[in-house]
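Peer 1: To be precise about what I am sending: the file is called target_2.cif and holds mmCIF, C-alpha atoms and all ligand atoms.
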```cif
data_coords
loop_
_atom_site.group_PDB
_atom_site.id
_atom_site.type_symbol
_atom_site.label_atom_id
_atom_site.label_comp_id
_atom_site.auth_asym_id
_atom_site.auth_seq_id
_atom_site.Cartn_x
_atom_site.Cartn_y
_atom_site.Cartn_z
ATOM 1 C CA MET A 1042 -19.734 -189.467 -100.028
ATOM 2 C CA LEU A 1043 -19.898 -186.267 -98.026
ATOM 3 C CA HIS A 1044 -19.183 -184.336 -101.199
ATOM 4 C CA PHE A 1045 -21.926 -186.087 -103.055
ATOM 5 C CA PHE A 1046 -24.510 -185.117 -100.431
ATOM 6 C CA THR A 1047 -23.252 -181.537 -100.257
ATOM 7 C CA ILE A 1048 -23.579 -181.156 -104.008
ATOM 8 C CA LEU A 1049 -26.958 -182.870 -104.007
ATOM 9 C CA ALA A 1050 -28.236 -180.581 -101.233
ATOM 10 C CA ALA A 1051 -27.018 -177.494 -103.116
ATOM 11 C CA ALA A 1052 -28.729 -178.676 -106.293
ATOM 12 C CA VAL A 1053 -31.989 -179.324 -104.469
ATOM 13 C CA VAL A 1054 -31.926 -175.837 -102.942
ATOM 14 C CA ALA A 1055 -31.160 -174.296 -106.331
ATOM 15 C CA VAL A 1056 -34.062 -176.025 -108.020
ATOM 16 C CA HIS A 1057 -36.672 -175.657 -105.331
ATOM 17 C CA GLY A 1058 -35.722 -172.311 -103.827
ATOM 18 C CA PHE A 1059 -37.626 -171.736 -100.615
ATOM 19 C CA SER A 1060 -40.308 -174.410 -100.807
ATOM 20 C CA GLY A 1061 -41.354 -173.815 -97.196
ATOM 21 C CA GLY A 1062 -41.513 -170.022 -97.383
ATOM 22 C CA ALA A 1063 -39.171 -167.106 -97.981
ATOM 23 C CA PRO A 1064 -36.559 -166.368 -95.266
ATOM 24 C CA ALA A 1065 -36.147 -162.913 -93.672
ATOM 25 C CA SER A 1066 -32.912 -162.434 -95.641
ATOM 26 C CA VAL A 1067 -34.926 -161.581 -98.770
ATOM 27 C CA CYS A 1068 -37.283 -159.061 -97.085
ATOM 28 C CA LYS A 1069 -35.623 -156.149 -98.846
ATOM 29 C CA SER A 1070 -34.998 -157.603 -102.297
ATOM 30 C CA LEU A 1071 -38.150 -159.762 -102.431
ATOM 31 C CA LEU A 1072 -36.109 -162.140 -104.602
ATOM 32 C CA PRO A 1073 -36.700 -165.875 -104.412
ATOM 33 C CA GLY A 1074 -33.580 -167.997 -104.065
ATOM 34 C CA HIS A 1075 -33.546 -169.113 -107.651
ATOM 35 C CA PRO A 1076 -30.714 -168.903 -110.162
ATOM 36 C CA ALA A 1077 -32.715 -166.876 -112.683
ATOM 37 C CA GLU A 1078 -33.784 -163.319 -113.458
ATOM 38 C CA PRO A 1079 -37.318 -162.089 -112.714
ATOM 39 C CA GLN A 1080 -39.708 -162.182 -115.658
ATOM 40 C CA ALA A 1081 -39.894 -158.941 -117.632
ATOM 41 C CA THR A 1082 -43.281 -159.753 -119.155
ATOM 42 C CA PRO A 1083 -46.513 -158.514 -117.507
ATOM 43 C CA SER A 1084 -47.398 -160.673 -114.521
ATOM 44 C CA PRO A 1085 -50.307 -163.106 -114.836
ATOM 45 C CA PHE A 1086 -50.759 -162.616 -111.078
ATOM 46 C CA ARG A 1087 -52.005 -159.536 -109.257
ATOM 47 C CA ILE A 1088 -52.499 -158.048 -105.808
ATOM 48 C CA VAL A 1089 -55.977 -156.705 -105.007
ATOM 49 C CA VAL A 1090 -57.120 -154.742 -101.924
ATOM 50 C CA ASN A 1091 -60.703 -154.248 -100.713
ATOM 51 C CA LYS A 1092 -60.465 -150.567 -99.780
ATOM 52 C CA SER A 1093 -58.588 -147.429 -100.804
ATOM 53 C CA THR A 1094 -58.529 -145.678 -97.415
ATOM 54 C CA VAL A 1095 -58.004 -147.109 -93.947
ATOM 55 C CA LYS A 1096 -57.748 -145.805 -90.374
ATOM 56 C CA PRO A 1097 -55.133 -146.937 -87.796
ATOM 57 C CA GLY A 1098 -55.889 -150.417 -86.511
ATOM 58 C CA GLN A 1099 -58.434 -151.180 -89.227
ATOM 59 C CA GLU A 1100 -58.202 -154.209 -91.499
ATOM 60 C CA VAL A 1101 -57.629 -154.430 -95.226
ATOM 61 C CA MET A 1102 -58.311 -157.629 -97.112
ATOM 62 C CA VAL A 1103 -55.471 -158.380 -99.521
ATOM 63 C CA ILE A 1104 -55.799 -160.982 -102.251
ATOM 64 C CA MET A 1105 -52.940 -162.369 -104.326
ATOM 65 C CA GLU A 1106 -54.473 -164.085 -107.317
ATOM 66 C CA SER A 1107 -54.013 -165.483 -110.786
ATOM 67 C CA THR A 1108 -55.686 -163.641 -113.633
ATOM 68 C CA ASN A 1109 -55.685 -166.682 -115.927
ATOM 69 C CA ASP A 1110 -55.154 -170.429 -115.679
ATOM 70 C CA LYS A 1111 -51.644 -170.112 -114.225
ATOM 71 C CA ARG A 1112 -50.955 -171.043 -110.614
ATOM 72 C CA PHE A 1113 -48.264 -169.825 -108.236
ATOM 73 C CA LYS A 1114 -46.294 -171.972 -105.800
ATOM 74 C CA GLY A 1115 -44.610 -169.293 -103.715
ATOM 75 C CA PHE A 1116 -45.106 -165.680 -102.710
ATOM 76 C CA LEU A 1117 -43.893 -162.885 -100.472
ATOM 77 C CA LEU A 1118 -46.022 -159.852 -99.597
ATOM 78 C CA GLN A 1119 -45.505 -156.647 -97.627
ATOM 79 C CA ALA A 1120 -47.203 -153.262 -97.280
ATOM 80 C CA ARG A 1121 -44.801 -150.403 -97.928
ATOM 81 C CA ILE A 1122 -44.752 -146.617 -97.804
ATOM 82 C CA ASN A 1123 -41.953 -145.924 -100.241
ATOM 83 C CA ASP A 1124 -39.304 -148.378 -98.992
ATOM 84 C CA GLU A 1125 -40.550 -148.684 -95.423
ATOM 85 C CA ILE A 1126 -42.495 -151.818 -94.448
ATOM 86 C CA VAL A 1127 -45.589 -150.863 -92.403
ATOM 87 C CA GLY A 1128 -48.468 -152.529 -90.544
ATOM 88 C CA HIS A 1129 -48.772 -156.237 -89.843
ATOM 89 C CA PHE A 1130 -50.664 -159.293 -91.016
ATOM 90 C CA ASP A 1131 -53.175 -161.337 -89.047
ATOM 91 C CA VAL A 1132 -52.915 -164.894 -90.353
ATOM 92 C CA SER A 1133 -54.905 -167.832 -89.050
ATOM 93 C CA ASP A 1134 -52.765 -170.709 -87.759
ATOM 94 C CA VAL A 1135 -54.928 -173.162 -89.663
ATOM 95 C CA ASP A 1136 -54.292 -171.648 -93.092
ATOM 96 C CA LYS A 1137 -52.016 -174.254 -94.623
ATOM 97 C CA ASN A 1138 -50.812 -171.896 -97.354
ATOM 98 C CA ILE A 1139 -49.820 -168.754 -95.448
ATOM 99 C CA GLN A 1140 -47.405 -167.861 -92.648
ATOM 100 C CA THR A 1141 -46.187 -164.530 -91.346
ATOM 101 C CA LEU A 1142 -42.567 -163.426 -91.518
ATOM 102 C CA ASP A 1143 -40.757 -160.832 -89.371
ATOM 103 C CA CYS A 1144 -38.933 -158.432 -91.673
ATOM 104 C CA LEU A 1145 -36.189 -155.928 -90.854
ATOM 105 C CA GLY A 1146 -36.832 -155.674 -87.119
ATOM 106 C CA GLY A 1147 -40.635 -155.669 -87.443
ATOM 107 C CA SER A 1148 -43.165 -158.268 -86.349
ATOM 108 C CA LYS A 1149 -45.470 -160.191 -88.709
ATOM 109 C CA ASN A 1150 -45.024 -157.462 -91.307
ATOM 110 C CA ALA A 1151 -44.800 -159.859 -94.268
ATOM 111 C CA ILE A 1152 -46.426 -163.080 -95.370
ATOM 112 C CA THR A 1153 -45.060 -165.970 -97.379
ATOM 113 C CA HIS A 1154 -46.096 -169.470 -98.466
ATOM 114 C CA ARG A 1155 -45.951 -172.546 -96.210
ATOM 115 C CA ASN A 1156 -45.775 -175.101 -99.010
ATOM 116 C CA SER A 1157 -45.133 -175.282 -102.730
ATOM 117 C CA ASP A 1158 -48.618 -176.452 -103.736
ATOM 118 C CA ASP A 1159 -50.139 -174.706 -106.757
ATOM 119 C CA LYS A 1160 -52.269 -171.766 -105.648
ATOM 120 C CA LYS A 1161 -54.910 -169.875 -107.580
ATOM 121 C CA ALA A 1162 -55.317 -167.249 -104.859
ATOM 122 C CA ILE A 1163 -54.505 -166.489 -101.238
ATOM 123 C CA VAL A 1164 -56.419 -164.090 -98.989
ATOM 124 C CA ALA A 1165 -54.855 -162.290 -96.031
ATOM 125 C CA LYS A 1166 -55.810 -159.662 -93.479
ATOM 126 C CA TRP A 1167 -53.522 -156.676 -92.955
ATOM 127 C CA ILE A 1168 -53.828 -154.290 -90.006
ATOM 128 C CA ALA A 1169 -53.003 -150.616 -90.594
ATOM 129 C CA PRO A 1170 -50.340 -149.164 -88.264
ATOM 130 C CA GLU A 1171 -50.861 -146.491 -85.604
ATOM 131 C CA ASN A 1172 -48.932 -143.231 -85.860
ATOM 132 C CA VAL A 1173 -47.978 -143.581 -89.510
ATOM 133 C CA LYS A 1174 -49.194 -141.340 -92.294
ATOM 134 C CA GLY A 1175 -48.907 -141.816 -95.997
ATOM 135 C CA THR A 1176 -49.972 -143.954 -98.881
ATOM 136 C CA VAL A 1177 -49.438 -147.670 -98.712
ATOM 137 C CA LYS A 1178 -48.858 -150.034 -101.591
ATOM 138 C CA PHE A 1179 -48.726 -153.773 -101.204
ATOM 139 C CA VAL A 1180 -45.618 -155.121 -102.894
ATOM 140 C CA GLY A 1181 -45.124 -158.762 -103.660
ATOM 141 C CA THR A 1182 -43.378 -161.583 -105.446
ATOM 142 C CA PHE A 1183 -45.092 -164.478 -107.193
ATOM 143 C CA VAL A 1184 -43.204 -167.689 -107.989
ATOM 144 C CA GLU A 1185 -44.826 -169.794 -110.678
ATOM 145 C CA THR A 1186 -42.024 -172.336 -110.918
ATOM 146 C CA GLY A 1187 -38.391 -172.396 -109.839
ATOM 147 C CA LEU A 1188 -37.153 -170.336 -112.755
ATOM 148 C CA VAL A 1189 -40.289 -168.311 -113.504
ATOM 149 C CA PHE A 1190 -41.189 -165.547 -111.067
ATOM 150 C CA TRP A 1191 -42.289 -161.910 -110.908
ATOM 151 C CA VAL A 1192 -40.831 -159.507 -108.350
ATOM 152 C CA GLY A 1193 -42.200 -156.170 -107.147
ATOM 153 C CA GLU A 1194 -45.814 -156.446 -108.278
ATOM 154 C CA THR A 1195 -47.871 -153.731 -106.604
ATOM 155 C CA SER A 1196 -51.489 -153.197 -105.554
ATOM 156 C CA GLU A 1197 -53.581 -150.065 -105.899
ATOM 157 C CA GLU A 1198 -52.805 -147.421 -103.286
ATOM 158 C CA VAL A 1199 -54.359 -147.433 -99.812
ATOM 159 C CA SER A 1200 -54.269 -144.086 -97.925
ATOM 160 C CA LEU A 1201 -53.758 -144.102 -94.168
ATOM 161 C CA GLU A 1202 -56.259 -141.684 -92.648
ATOM 162 C CA HIS A 1203 -56.401 -140.286 -89.149
HETATM 163 C C1 LIG A 1301 -62.305 -155.342 -96.178
HETATM 164 O O1 LIG A 1301 -61.820 -156.487 -95.487
HETATM 165 C C2 LIG A 1301 -61.713 -156.320 -94.087
HETATM 166 C C3 LIG A 1301 -60.992 -157.550 -93.535
HETATM 167 O O2 LIG A 1301 -61.673 -158.725 -93.807
HETATM 168 C C4 LIG A 1301 -63.093 -156.111 -93.489
HETATM 169 O O3 LIG A 1301 -62.985 -155.919 -92.099
HETATM 170 C C5 LIG A 1301 -63.736 -154.892 -94.146
HETATM 171 O O4 LIG A 1301 -65.053 -154.753 -93.706
HETATM 172 C C6 LIG A 1301 -63.700 -155.013 -95.678
HETATM 173 N N1 LIG A 1301 -64.125 -153.728 -96.250
HETATM 174 C C7 LIG A 1301 -64.886 -153.636 -97.334
HETATM 175 C C8 LIG A 1301 -65.189 -152.263 -97.814
HETATM 176 O O5 LIG A 1301 -65.304 -154.639 -97.914
#
```
What do you get writing this file as structure tokens?
Ligand SMILES: *[C@@H]1O[C@H](CO)[C@@H](O)[C@H](O)[C@H]1NC(C)=O
Peer 2:
Amino acid sequence: MLHFFTILAAAVVAVHGFSGGAPASVCKSLLPGHPAEPQATPSPFRIVVNKSTVKPGQEVMVIMESTNDKRFKGFLLQARINDEIVGHFDVSDVDKNIQTLDCLGGSKNAITHRNSDDKKAIVAKWIAPENVKGTVKFVGTFVETGLVFWVGETSEEVSLEH
């Protein structure tokens, strides 16, 4: 009996991945917990920002959206300068689709889904860091279904100005 439930639980995890949001253990790889390879085809989902330059402490609106009739169930998003995760997200507690995640010793420096509902788009606010210079790109993962996902999609560049 115990075995049966262990196997069942493992199968459920394998099929559904992280239905309640990505865990901090995938902050670096951005990989969902699914037994499949990322799609190699162009992504039907994209990451759009509302400005190309930003000053410390200012906000950027970031949109993760579908470009056609496809919907995504899960996502993970960070702002990076090269491989370093920078800035943080300001997410409303009442947004049922989005929650922040603390990655690699940071605080609220990533966002992920709260549920596996189909999403056409999510909108988030990102706050530029103090004392950091460089060019930021938002990097993200979109999960369409358990076995179909795109990893490492990027936005246009946003320069940090002082
Ligand atoms: C971009 O979005 C942020 C956050 O909502 C807002 O404060 C800012 O005014 C917007 N900038 C532009 C150029 O639309």
Peer 1: Considering all atoms listed in the file, state which residue in the set A:Lys1111, A:Lys1178, A:Lys1096, A:His1075 is at the smallest distance from Glu1202 (chain A).
Peer 2: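 Closest residue, counting all atoms listed in the file: A:Lys1096.
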Peer 1: Between A:Arg1121, A:Lys1160, A:Arg1155, A:Lys1166, which has the minimum distance to ligand LIG 1301 (chain A) (counting only C-alpha atoms and all ligand atoms)?
Peer 2: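 Among A:Arg1121, A:Lys1160, A:Arg1155, A:Lys1166, it is A:Lys1166 that comes nearest to ligand LIG 1301 (chain A).
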Peer 1: With only C-alpha atoms and all ligand atoms counted and 12 Å as the cut-off, give the residues of chain A in contact with ligand LIG 1301 (chain A), each with its shortest interatomic distance in Å and the pair that gives it, as CSV.
Peer 2:
```
residue,atom,partner,partner_atom,distance
A:Val1089,CA,A:LIG1301,C1,10.9
A:Val1090,CA,A:LIG1301,C1,7.8
A:Asn1091,CA,A:LIG1301,C1,4.9
A:Lys1092,CA,A:LIG1301,C8,5.4
A:Ser1093,CA,A:LIG1301,C8,8.7
A:Thr1094,CA,A:LIG1301,C8,9.4
A:Val1095,CA,A:LIG1301,N1,9.3
A:Lys1096,CA,A:LIG1301,C5,11.5
A:Gly1098,CA,A:LIG1301,O3,10.6
A:Gln1099,CA,A:LIG1301,O3,7.2
A:Glu1100,CA,A:LIG1301,C3,4.8
A:Val1101,CA,A:LIG1301,C2,4.6
A:Met1102,CA,A:LIG1301,O1,4.0
A:Val1103,CA,A:LIG1301,O1,7.8
A:Ile1104,CA,A:LIG1301,O1,10.1
A:Phe1130,CA,A:LIG1301,C3,10.8
A:Asp1131,CA,A:LIG1301,C3,9.8
A:Val1132,CA,A:LIG1301,O2,11.3
A:Val1164,CA,A:LIG1301,O2,9.1
A:Ala1165,CA,A:LIG1301,O2,8.0
A:Lys1166,CA,A:LIG1301,C3,5.6
A:Trp1167,CA,A:LIG1301,C3,7.5
A:Ile1168,CA,A:LIG1301,C3,8.6
A:Ala1169,CA,A:LIG1301,C3,11.0
A:Val1199,CA,A:LIG1301,C1,11.8
```
Peer 1: List the residues matched by the PyMOL selection byres (((chain A and resi 1110) around 12) and not hetatm) in the displayed structure as JSON, numbers by chain, ordered by chain and then by residue number.
Peer 2: {"A": [1085, 1086, 1106, 1107, 1108, 1109, 1111, 1112, 1113, 1159, 1160, 1161, 1162, 1185]}
Peer 1: Provide the CA of Ala1063 (chain A) to CA of Lys1174 (chain A) distance in Å, to one decimal place.
Peer 2: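 Distance between the two atoms: 28.2 Å.
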Peer 1: Hey, can you check how far CA of Asn1156 (chain A) sits from CA of Asp1124 (chain A)?
Peer 2: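 Separation between CA of Asn1156 (chain A) and CA of Asp1124 (chain A): 27.5 Å.
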Peer 1: Ranking A:Leu1118, A:Cys1068, A:Ile1152, A:Met1105 by minimum distance to Ser1084 (chain A) and counting all atoms listed in the file, which one comes first?
Peer 2: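 Checking each of A:Leu1118, A:Cys1068, A:Ile1152, A:Met1105 against Ser1084 (chain A), counting all atoms listed in the file, the winner is A:Met1105.
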Peer 1: Kindly indicate which residue among A:Leu1072, A:Thr1186, A:Arg1087, A:Val1127 lies nearest to Pro1170 (chain A), using all atoms listed in the file for the distances.
Peer 2: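 Among the listed residues, A:Val1127 lies closest to Pro1170 (chain A).
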Peer 1: The PyMOL selection byres (((chain A and resi 1140) around 9) and not hetatm) on the file shown: which residues, as an mmCIF file with C-alpha atoms, in the coordinates of the input?
Peer 2:
```
data_model
loop_
_atom_site.group_PDB
_atom_site.id
_atom_site.type_symbol
_atom_site.label_atom_id
_atom_site.label_comp_id
_atom_site.auth_asym_id
_atom_site.auth_seq_id
_atom_site.Cartn_x
_atom_site.Cartn_y
_atom_site.Cartn_z
ATOM 1 C CA GLY A 1062 -41.513 -170.022 -97.383
ATOM 2 C CA VAL A 1132 -52.915 -164.894 -90.353
ATOM 3 C CA SER A 1133 -54.905 -167.832 -89.050
ATOM 4 C CA ASP A 1134 -52.765 -170.709 -87.759
ATOM 5 C CA ASP A 1136 -54.292 -171.648 -93.092
ATOM 6 C CA LYS A 1137 -52.016 -174.254 -94.623
ATOM 7 C CA ASN A 1138 -50.812 -171.896 -97.354
ATOM 8 C CA ILE A 1139 -49.820 -168.754 -95.448
ATOM 9 C CA THR A 1141 -46.187 -164.530 -91.346
ATOM 10 C CA LEU A 1142 -42.567 -163.426 -91.518
ATOM 11 C CA LYS A 1149 -45.470 -160.191 -88.709
ATOM 12 C CA ALA A 1151 -44.800 -159.859 -94.268
ATOM 13 C CA ILE A 1152 -46.426 -163.080 -95.370
ATOM 14 C CA THR A 1153 -45.060 -165.970 -97.379
ATOM 15 C CA HIS A 1154 -46.096 -169.470 -98.466
ATOM 16 C CA ARG A 1155 -45.951 -172.546 -96.210
#
```
Peer 1: Report the centre and edge lengths, in Å to one decimal, of an axis-aligned box enclosing every atom of region 1067-1079 of chain A listed in the file, padded by 6 Å on each side, as JSON.
Peer 2:
```
{"center_x": -34.4, "center_y": -162.6, "center_z": -105.3, "size_x": 19.4, "size_y": 25.0, "size_z": 28.4}
```
Peer 1: Using all atoms listed in the file, which of the listed residues (A:Ser1060, A:Asn1150, A:Gln1080, A:Ser1157) sits closest to Ala1120 (chain A)?
Peer 2: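 Smallest distance to Ala1120 (chain A) is found for A:Asn1150.
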Peer 1: Rank A:Val1192, A:Ala1081, A:Ile1163, A:Val1177 by their smallest atom-to-atom distance to Val1067 (chain A), using only C-alpha atoms, and report the top residue only.
Peer 2: A:Val1192
Peer 1: Since the input lacks atoms, please generate N, CA and C atoms for region 1090-1121 of chain A and provide them as an mmCIF file, keeping the file's coordinate frame.
Peer 2:
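The result, stored in rebuild-v2.cif:
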```cif
data_model
loop_
_atom_site.group_PDB
_atom_site.id
_atom_site.type_symbol
_atom_site.label_atom_id
_atom_site.label_comp_id
_atom_site.auth_asym_id
_atom_site.auth_seq_id
_atom_site.Cartn_x
_atom_site.Cartn_y
_atom_site.Cartn_z
ATOM 1 N N VAL A 1090 -56.719 -155.146 -103.280
ATOM 2 C CA VAL A 1090 -57.120 -154.742 -101.924
ATOM 3 C C VAL A 1090 -58.604 -154.393 -101.914
ATOM 4 N N ASN A 1091 -59.259 -154.482 -100.738
ATOM 5 C CA ASN A 1091 -60.703 -154.248 -100.713
ATOM 6 C C ASN A 1091 -61.094 -152.836 -100.273
ATOM 7 N N LYS A 1092 -60.113 -151.958 -100.049
ATOM 8 C CA LYS A 1092 -60.465 -150.567 -99.780
ATOM 9 C C LYS A 1092 -59.314 -149.647 -100.171
ATOM 10 N N SER A 1093 -59.631 -148.359 -100.369
ATOM 11 C CA SER A 1093 -58.588 -147.429 -100.804
ATOM 12 C C SER A 1093 -58.194 -146.455 -99.699
ATOM 13 N N THR A 1094 -58.949 -146.464 -98.582
ATOM 14 C CA THR A 1094 -58.529 -145.678 -97.415
ATOM 15 C C THR A 1094 -58.730 -146.547 -96.183
ATOM 16 N N VAL A 1095 -57.895 -146.314 -95.169
ATOM 17 C CA VAL A 1095 -58.004 -147.109 -93.947
ATOM 18 C C VAL A 1095 -57.535 -146.267 -92.765
ATOM 19 N N LYS A 1096 -58.144 -146.503 -91.594
ATOM 20 C CA LYS A 1096 -57.748 -145.805 -90.374
ATOM 21 C C LYS A 1096 -56.834 -146.706 -89.554
ATOM 22 N N PRO A 1097 -56.046 -146.124 -88.612
ATOM 23 C CA PRO A 1097 -55.133 -146.937 -87.796
ATOM 24 C C PRO A 1097 -55.872 -148.087 -87.123
ATOM 25 N N GLY A 1098 -55.303 -149.256 -87.173
ATOM 26 C CA GLY A 1098 -55.889 -150.417 -86.511
ATOM 27 C C GLY A 1098 -56.967 -151.132 -87.306
ATOM 28 N N GLN A 1099 -57.421 -150.520 -88.404
ATOM 29 C CA GLN A 1099 -58.434 -151.180 -89.227
ATOM 30 C C GLN A 1099 -57.802 -152.206 -90.171
ATOM 31 N N GLU A 1100 -58.680 -153.104 -90.661
ATOM 32 C CA GLU A 1100 -58.202 -154.209 -91.499
ATOM 33 C C GLU A 1100 -58.416 -153.947 -92.983
ATOM 34 N N VAL A 1101 -57.473 -154.418 -93.769
ATOM 35 C CA VAL A 1101 -57.629 -154.430 -95.226
ATOM 36 C C VAL A 1101 -57.524 -155.882 -95.668
ATOM 37 N N MET A 1102 -58.423 -156.291 -96.547
ATOM 38 C CA MET A 1102 -58.311 -157.629 -97.112
ATOM 39 C C MET A 1102 -57.431 -157.549 -98.352
ATOM 40 N N VAL A 1103 -56.398 -158.381 -98.391
ATOM 41 C CA VAL A 1103 -55.471 -158.380 -99.521
ATOM 42 C C VAL A 1103 -55.538 -159.747 -100.192
ATOM 43 N N ILE A 1104 -55.713 -159.734 -101.491
ATOM 44 C CA ILE A 1104 -55.799 -160.982 -102.251
ATOM 45 C C ILE A 1104 -54.663 -161.019 -103.261
ATOM 46 N N MET A 1105 -53.941 -162.127 -103.281
ATOM 47 C CA MET A 1105 -52.940 -162.369 -104.326
ATOM 48 C C MET A 1105 -53.554 -163.443 -105.211
ATOM 49 N N GLU A 1106 -53.724 -163.131 -106.489
ATOM 50 C CA GLU A 1106 -54.473 -164.085 -107.317
ATOM 51 C C GLU A 1106 -53.958 -164.165 -108.752
ATOM 52 N N SER A 1107 -54.307 -165.279 -109.375
ATOM 53 C CA SER A 1107 -54.013 -165.483 -110.786
ATOM 54 C C SER A 1107 -55.101 -164.813 -111.611
ATOM 55 N N THR A 1108 -54.694 -164.246 -112.744
ATOM 56 C CA THR A 1108 -55.686 -163.641 -113.633
ATOM 57 C C THR A 1108 -56.008 -164.559 -114.800
ATOM 58 N N ASN A 1109 -55.375 -165.723 -114.852
ATOM 59 C CA ASN A 1109 -55.685 -166.682 -115.927
ATOM 60 C C ASN A 1109 -55.588 -168.105 -115.373
ATOM 61 N N ASP A 1110 -55.181 -169.044 -116.191
ATOM 62 C CA ASP A 1110 -55.154 -170.429 -115.679
ATOM 63 C C ASP A 1110 -53.825 -170.788 -115.020
ATOM 64 N N LYS A 1111 -52.916 -169.816 -114.891
ATOM 65 C CA LYS A 1111 -51.644 -170.112 -114.225
ATOM 66 C C LYS A 1111 -51.842 -170.191 -112.720
ATOM 67 N N ARG A 1112 -50.933 -170.910 -112.064
ATOM 68 C CA ARG A 1112 -50.955 -171.043 -110.614
ATOM 69 C C ARG A 1112 -49.595 -170.631 -110.085
ATOM 70 N N PHE A 1113 -49.559 -170.154 -108.841
ATOM 71 C CA PHE A 1113 -48.264 -169.825 -108.236
ATOM 72 C C PHE A 1113 -47.986 -170.743 -107.054
ATOM 73 N N LYS A 1114 -46.700 -171.062 -106.874
ATOM 74 C CA LYS A 1114 -46.294 -171.972 -105.800
ATOM 75 C C LYS A 1114 -45.840 -171.197 -104.569
ATOM 76 N N GLY A 1115 -45.183 -170.053 -104.824
ATOM 77 C CA GLY A 1115 -44.610 -169.293 -103.715
ATOM 78 C C GLY A 1115 -44.941 -167.823 -103.827
ATOM 79 N N PHE A 1116 -44.852 -167.117 -102.695
ATOM 80 C CA PHE A 1116 -45.106 -165.680 -102.710
ATOM 81 C C PHE A 1116 -44.457 -165.023 -101.500
ATOM 82 N N LEU A 1117 -44.339 -163.699 -101.598
ATOM 83 C CA LEU A 1117 -43.893 -162.885 -100.472
ATOM 84 C C LEU A 1117 -44.643 -161.578 -100.616
ATOM 85 N N LEU A 1118 -45.209 -161.066 -99.526
ATOM 86 C CA LEU A 1118 -46.022 -159.852 -99.597
ATOM 87 C C LEU A 1118 -45.757 -158.952 -98.399
ATOM 88 N N GLN A 1119 -45.654 -157.661 -98.686
ATOM 89 C CA GLN A 1119 -45.505 -156.647 -97.627
ATOM 90 C C GLN A 1119 -46.323 -155.432 -98.016
ATOM 91 N N ALA A 1120 -46.637 -154.581 -97.004
ATOM 92 C CA ALA A 1120 -47.203 -153.262 -97.280
ATOM 93 C C ALA A 1120 -46.075 -152.262 -97.074
ATOM 94 N N ARG A 1121 -45.902 -151.360 -98.044
ATOM 95 C CA ARG A 1121 -44.801 -150.403 -97.928
ATOM 96 C C ARG A 1121 -45.284 -148.980 -98.165
#
```
